[in-house]
Amino acid sequence: MTYKVLVVDDSKLARMSIARLLDALRPKWERIEAANATEAVERRNGEAVDIALLDFNMPGADGLALAAELHALQPSLPMAIISANTQDEIVARARALGATFLPKPLTQQDLAAFLDTVELRLAAAHE
Amino acid sequence: MSGAVALALTEMERDALTELVNLGVSKAAVSLRGLIGHEVSLSVPRIAIIPRRDAALMIGEHHATRLVAVSQVFDGDFSGRALLIFPETNSLELVRAVTGGALPLEDIVALEQEALAETGNIILNNCLSTIANTLQRTLRMSLPDVIRGDGGELFEFSGIADADDAVLVMYINFVVNARNITGYIAMLMDLPALRTLKELLNDLVDRATTAIPFISHVTD
């Protein structure tokens with residue numbers, strides 16, 4: 001089963017870095033990218049996505065606000081918030097939205113673990 | 001300076017530098033949160049290459065009041081100065097927050113200088129070491145200095161450079177809502193440092209984007 005991942009980060013470098021990890025871990029999966037929350041919602045409304053990887057500190061709405069919006073649009077969407085800002089409050093808010101918190105710089109191990117969990121969840125939902 | 005145009009950052013270099021500063025300042029915010037026990041909110045980093053006198057205005061224009069800053073010089077493959085800046089009126093509140101609020105006012109006043117230097121040292125070191133590690137370079141850091149004045153005075157003291165020299169300024173605004181504390185973390189670098197930084201940023205982009213081999217099932 002392949003899935004479509006929405007990658008949202010205002011930094012092109014960060015998106016390229018995530019793309020590189022995704023290509024290594026799940027080479028057949030599709031990926032769509034957005035540089036901010038507004039663009040992310042537009043892209044999601046244009047085509048269905050299965051998983052979202054969201055940066056936290058972005059101009060305009062931050063990653064947590066975006067996660068809340070995406071959750072309202074698509075409650076079953078698995079999401080991860082990616083940030084070097086590992087303050088307890090931010091991690092807790094991510095979890096409260098049902099999102100996984102992944103520290104930045106994102107490692108292959110952390111992303112692999114997240115994708116493994118999400119795949120199980122999505123497979124179970126399809127049964 | 002004639003090199004200023006040639007040394008302008010490409011879009012990708014600027015992107016990488018913003019992300020790098022974001023990483024550094026995020027780690028610094030985590031350490032400040034650890035010291036004061038309240039959430040620290042951050043803005044998105046701003047980066048500009050401008051004459052030194054305008055750098056002062058970037059910070060100064062936001063605060064008509066006097067500022068206090070903890071300053072540390074860093075050098076290695078590139079060099080510059082990192083500053084933790086806030087309005088002088090916030091400085092006792094910051095010391096109060098860091099010391100847990102249990103001390104009487106006279107003790108806080110007596111401790112102010114030392115507490116500021118120590119707090120700044122922890123925060124700036126966290127920021128700079130994250131940047132150095134991400135660039136895979138070592139930076140040496142001076143002991144912290146506590147300085148007071150308006151924006152112009154904080155950026156003036158570096159000695160050799162004059163007000164027309166272009167500098168790379170990176171700054172981010174932080175707010176501790178629970179304690180009514182606001183401030184900036186700023187970094188200043190002069191142009192020779194920028195030349196090396198550009199190379200390191202391009203190495204960083206290469207490392208972050210070079211394809212890694214497909215891994216079917218890692219089982220270690």
# chains A, B, ... in the order shown; residues from 1 in each chain; ligands from 1
call {"tool": "residues_around", "arguments": {"residues": "Lys27 in chain B", "least_positions_apart": "4", "cutoff": "8 Å", "atoms": "only C-alpha atoms", "output": "MDAnalysis selection string"}}
result
(chainID A and resid 84:86) or (chainID B and resid 23 31 126:127 130)
call {"tool": "closest_atom_pairs", "arguments": {"of": "chain B", "to": "chain A", "cutoff": "9 Å", "atoms": "only C-alpha atoms", "output": "JSON lines"}}
result
{"residue": "B:Met12", "atom": "CA", "partner": "A:Leu13", "partner_atom": "CA", "distance": 7.3}
{"residue": "B:Asp15", "atom": "CA", "partner": "A:Ser11", "partner_atom": "CA", "distance": 5.8}
{"residue": "B:Ala16", "atom": "CA", "partner": "A:Leu13", "partner_atom": "CA", "distance": 6.0}
{"residue": "B:Thr18", "atom": "CA", "partner": "A:Ser11", "partner_atom": "CA", "distance": 7.8}
{"residue": "B:Glu19", "atom": "CA", "partner": "A:Ser11", "partner_atom": "CA", "distance": 6.4}
{"residue": "B:Asn22", "atom": "CA", "partner": "A:Ala84", "partner_atom": "CA", "distance": 8.0}
{"residue": "B:Leu23", "atom": "CA", "partner": "A:Ala84", "partner_atom": "CA", "distance": 5.6}
{"residue": "B:Gly24", "atom": "CA", "partner": "A:Ala84", "partner_atom": "CA", "distance": 8.2}
{"residue": "B:Val25", "atom": "CA", "partner": "A:Asn85", "partner_atom": "CA", "distance": 8.3}
{"residue": "B:Ser26", "atom": "CA", "partner": "A:Asn85", "partner_atom": "CA", "distance": 4.5}
{"residue": "B:Lys27", "atom": "CA", "partner": "A:Asn85", "partner_atom": "CA", "distance": 6.1}
{"residue": "B:Ala28", "atom": "CA", "partner": "A:Asn85", "partner_atom": "CA", "distance": 8.6}
{"residue": "B:Ala29", "atom": "CA", "partner": "A:Asn85", "partner_atom": "CA", "distance": 7.0}
{"residue": "B:Val30", "atom": "CA", "partner": "A:Gln87", "partner_atom": "CA", "distance": 5.3}
{"residue": "B:Ser31", "atom": "CA", "partner": "A:Gln87", "partner_atom": "CA", "distance": 8.7}
{"residue": "B:Arg33", "atom": "CA", "partner": "A:Gln87", "partner_atom": "CA", "distance": 6.9}
{"residue": "B:Gly34", "atom": "CA", "partner": "A:Gln87", "partner_atom": "CA", "distance": 8.3}
{"residue": "B:His38", "atom": "CA", "partner": "A:Glu89", "partner_atom": "CA", "distance": 8.7}
{"residue": "B:Glu39", "atom": "CA", "partner": "A:Glu89", "partner_atom": "CA", "distance": 6.5}
{"residue": "B:Val40", "atom": "CA", "partner": "A:Gln87", "partner_atom": "CA", "distance": 8.1}
{"residue": "B:Leu42", "atom": "CA", "partner": "A:Asn57", "partner_atom": "CA", "distance": 7.8}
{"residue": "B:Ser43", "atom": "CA", "partner": "A:Asn57", "partner_atom": "CA", "distance": 7.6}
{"residue": "B:Val44", "atom": "CA", "partner": "A:Pro59", "partner_atom": "CA", "distance": 6.2}
{"residue": "B:Thr134", "atom": "CA", "partner": "A:Pro105", "partner_atom": "CA", "distance": 8.9}
{"residue": "B:Val205", "atom": "CA", "partner": "A:Leu13", "partner_atom": "CA", "distance": 6.7}
{"residue": "B:Arg207", "atom": "CA", "partner": "A:Ser17", "partner_atom": "CA", "distance": 8.7}
{"residue": "B:Ala208", "atom": "CA", "partner": "A:Ser17", "partner_atom": "CA", "distance": 5.0}
{"residue": "B:Thr209", "atom": "CA", "partner": "A:Ser17", "partner_atom": "CA", "distance": 5.5}
{"residue": "B:Thr210", "atom": "CA", "partner": "A:Arg20", "partner_atom": "CA", "distance": 7.3}
{"residue": "B:Ala211", "atom": "CA", "partner": "A:Arg20", "partner_atom": "CA", "distance": 5.9}
{"residue": "B:Ile212", "atom": "CA", "partner": "A:Ala24", "partner_atom": "CA", "distance": 6.0}
{"residue": "B:Pro213", "atom": "CA", "partner": "A:Ala24", "partner_atom": "CA", "distance": 6.0}
{"residue": "B:Phe214", "atom": "CA", "partner": "A:Ala24", "partner_atom": "CA", "distance": 4.4}
{"residue": "B:Ile215", "atom": "CA", "partner": "A:Leu25", "partner_atom": "CA", "distance": 6.0}
{"residue": "B:Ser216", "atom": "CA", "partner": "A:Leu25", "partner_atom": "CA", "distance": 7.2}
{"residue": "B:His217", "atom": "CA", "partner": "A:Leu25", "partner_atom": "CA", "distance": 8.8}
call {"tool": "residues_around", "arguments": {"residues": "Pro104 in chain B", "least_positions_apart": "6", "cutoff": "12 Å", "atoms": "only C-alpha atoms", "output": "list in words"}}
result
Leu92, Val95, Arg96, Ala110 and Leu111 of chain B
call {"tool": "select_by_dssp", "arguments": {"residues": "range 76-125 of chain B", "states": "alpha helix (DSSP H)", "output": "VMD selection string"}}
result
chain B and resid 88 to 98 105 to 125
call {"tool": "residues_around", "arguments": {"residues": "range 77-81 of chain A", "least_positions_apart": "4", "cutoff": "6 Å", "atoms": "only C-alpha atoms", "output": "list in words"}}
result
Ile51, Ala52, Leu53, Leu54, Asp55, Ala99, Thr100 and Phe101 of chain A
call {"tool": "select_by_dssp", "arguments": {"residues": "range 7-105 of chain A", "states": "strand (DSSP E)", "output": "list in words"}}
result
Val7, Val8, Glu30, Arg31, Ile32, Glu33, Ala34, Ile51, Ala52, Leu53, Leu54, Asp55, Met79, Ala80, Ile81, Ile82, Ser83, Thr100, Phe101, Leu102 and Pro103 of chain A
